[in-house]
$ cat entry-v9.txt   # compact mmCIF, C-alpha atoms
# COMPACT_ATOMS: atom_id res chain seq x y z
CA GLY A 1 134.88 145.49 -60.11
CA MET A 2 133.46 143.84 -56.95
CA GLY A 3 130.70 146.46 -56.60
CA ILE A 4 128.24 144.51 -58.77
CA LEU A 5 128.90 141.35 -56.74
CA LYS A 6 128.15 143.21 -53.53
CA ASP A 7 124.90 144.39 -55.14
CA ILE A 8 124.04 140.81 -56.11
CA PHE A 9 124.81 139.67 -52.56
CA TRP A 10 122.55 142.31 -50.97
CA ALA A 11 119.80 141.63 -53.52
CA CYS A 12 119.96 137.94 -52.49
CA VAL A 13 119.85 138.94 -48.81
CA LEU A 14 116.70 140.99 -49.46
CA LEU A 15 115.12 138.09 -51.36
CA PHE A 16 116.02 135.72 -48.53
CA VAL A 17 114.52 138.05 -45.90
CA ALA A 18 111.39 138.39 -48.05
CA GLN A 19 111.13 134.58 -48.33
CA LEU A 20 111.63 134.28 -44.59
CA ALA A 21 108.94 136.87 -43.88
CA ALA A 22 106.47 135.28 -46.31
CA THR A 23 106.93 131.69 -45.12
CA PRO A 24 104.55 131.56 -42.12
CA PHE A 25 101.72 133.05 -44.23
CA GLY A 26 102.19 130.82 -47.26
CA SER A 27 102.34 127.04 -47.23
CA ALA A 28 102.49 126.55 -43.49
CA GLY A 29 106.05 125.43 -42.81
CA THR A 30 106.33 122.48 -45.16
CA LEU A 31 109.56 120.50 -45.39
CA TRP A 32 110.09 121.80 -48.94
CA GLU A 33 109.87 125.42 -47.68
CA ALA A 34 112.36 124.65 -44.91
CA VAL A 35 114.83 123.02 -47.33
CA ARG A 36 114.50 125.91 -49.76
CA LEU A 37 115.09 128.51 -47.06
CA ILE A 38 118.10 126.66 -45.65
CA ALA A 39 119.56 126.43 -49.16
CA SER A 40 118.93 130.14 -49.77
CA GLY A 41 120.54 131.03 -46.46
CA LEU A 42 123.59 128.86 -47.09
CA SER A 43 123.95 130.32 -50.58
CA LEU A 44 124.52 133.74 -49.06
CA ILE A 45 127.81 132.47 -47.58
CA PRO A 46 129.76 132.06 -50.85
CA LEU A 47 128.10 135.14 -52.36
CA TYR A 48 129.26 137.19 -49.38
CA GLY A 49 132.68 135.52 -49.25
CA TYR A 50 133.36 136.18 -52.91
CA ALA A 51 131.99 139.73 -52.97
CA TYR A 52 134.05 140.70 -49.92
CA GLN A 53 136.98 138.34 -50.64
CA LEU A 54 136.76 136.46 -47.34
CA ALA A 55 137.26 132.75 -46.80
CA ILE A 56 134.27 131.42 -44.85
CA GLY A 57 134.24 127.77 -43.82
CA ASN A 58 136.33 125.85 -46.34
CA LYS A 59 136.55 125.01 -50.02
CA ALA A 60 134.56 121.78 -49.60
CA ILE A 61 131.58 123.67 -48.12
CA ALA A 62 131.77 126.24 -50.92
CA PHE A 63 131.82 123.41 -53.47
CA LEU A 64 128.80 121.65 -51.88
CA ILE A 65 126.74 124.84 -51.83
CA PHE A 66 127.63 125.50 -55.48
CA ALA A 67 126.83 121.89 -56.48
CA TYR A 68 123.47 121.93 -54.67
CA ASN A 69 122.42 125.20 -56.32
CA ALA A 70 123.68 124.10 -59.73
CA ILE A 71 121.57 120.92 -59.51
CA PHE A 72 118.55 122.82 -58.17
CA LEU A 73 118.77 125.48 -60.89
CA THR A 74 119.33 122.87 -63.60
CA ALA A 75 116.13 121.13 -62.46
CA ALA A 76 114.33 124.49 -62.51
CA MET A 77 115.64 125.16 -66.02
CA LEU A 78 114.51 121.75 -67.29
CA PHE A 79 111.07 122.37 -65.82
CA ALA A 80 110.98 125.83 -67.44
CA VAL A 81 111.99 124.38 -70.82
CA HIS A 82 109.28 121.72 -70.46
CA VAL A 83 106.68 124.42 -69.77
CA LEU A 84 108.04 126.42 -72.70
CA ILE A 85 107.63 123.46 -75.06
CA THR A 86 104.11 122.63 -73.83
CA GLU A 87 102.82 126.22 -73.39
CA GLY A 88 105.17 128.09 -75.72
CA THR A 89 104.14 131.69 -75.08
CA LEU A 90 106.44 134.71 -75.45
CA PHE A 91 105.88 135.52 -71.79
CA ILE A 92 107.17 132.09 -70.76
CA LEU A 93 110.14 132.48 -73.11
CA PHE A 94 110.89 135.79 -71.38
CA LEU A 95 110.63 134.08 -67.96
CA VAL A 96 113.05 131.34 -69.06
CA PHE A 97 115.61 133.93 -70.16
CA LEU A 98 115.09 135.84 -66.92
CA LEU A 99 115.62 132.64 -64.94
CA LEU A 100 118.82 131.95 -66.91
CA ALA A 101 120.17 135.45 -66.25
CA VAL A 102 119.33 135.34 -62.54
CA SER A 103 120.76 131.82 -62.23
CA PHE A 104 124.02 132.92 -63.83
CA ALA A 105 124.29 136.00 -61.60
CA PHE A 106 123.59 133.77 -58.59
CA LEU A 107 125.85 130.83 -59.51
CA TYR A 108 128.82 132.64 -61.04
CA PRO A 109 130.19 134.11 -57.77
CA GLN A 110 129.61 130.74 -56.06
CA TYR A 111 131.56 129.00 -58.82
CA LYS A 112 134.40 131.52 -58.68
CA TYR A 113 134.46 131.23 -54.89
CA ALA A 114 134.67 127.43 -54.90
CA PHE A 115 137.03 126.97 -57.87
CA ASP A 116 138.90 130.19 -58.56
CA SER A 117 139.76 131.71 -55.18
CA ASP A 118 142.76 129.63 -54.13
CA ASP A 119 144.47 132.73 -52.77
CA LEU A 120 141.59 133.06 -50.29
CA TRP A 121 141.61 129.42 -49.24
CA GLY A 122 145.39 129.35 -49.05
CA ALA A 123 145.43 132.33 -46.68
CA SER A 124 142.88 130.83 -44.29
CA ALA A 125 144.00 127.17 -44.38
$ encode --input "entry-v9.txt" --output "structure tokens"
Amino acid sequence: GMGILKDIFWACVLLFVAQLAATPFGSAGTLWEAVRLIASGLSLIPLYGYAYQLAIGNKAIAFLIFAYNAIFLTAAMLFAVHVLITEGTLFILFLVFLLLAVSFAFLYPQYKYAFDSDDLWGASA
């Protein structure tokens, strides 16, 4: 059952590499871009750890990465809902649902890794 999680992990790696490649050509190295890329890079750690059942770092780091992404994605969702209310097109509704689905696929392994992998943390502690 871990196959899908490995797929999610590699999809995130590809997205991260694409972001990395696009950065110098887009908004020339702003602080926001740097923060976003660091967050994306760090997020790969729990995704990888959970997909491959490895303890990387410690539970506190896994929790912080999850918390950061949960807050970031919640802010993104609130913004999307705001746009939906003000614009209200079917396309935007579709985008909001897409964002929800992607967010869940992205956050779920991080959550499981931080809160539901005590066997992993116990083995490495």
$ residues_near_point --input "entry-v9.txt" --point "(126.8, 132.8, -50.2)" --cutoff "12 Å" --atoms "all atoms listed in the file" --output "ChimeraX atom specification"
/A:5-6,8-13,16,38-57,61-66,69,106-114
$ closest_residue --input "entry-v9.txt" --among "A:Thr30, A:Met77, A:Asn58, A:Glu87" --to "Gly122 (chain A)" --atoms "all atoms listed in the file"
A:Asn58
$ atom_distance --input "entry-v9.txt" --atom1 "CA of Ala75 (chain A)" --atom2 "CA of Arg36 (chain A)"
13.7 Å
$ axis_aligned_box --input "entry-v9.txt" --around "region 13-16 of chain A" --padding-each-side "3 Å" --output "lines of an AutoDock Vina configuration file"
center_x = 117.5
center_y = 138.4
center_z = -49.9
size_x = 10.7
size_y = 11.3
size_z = 8.8
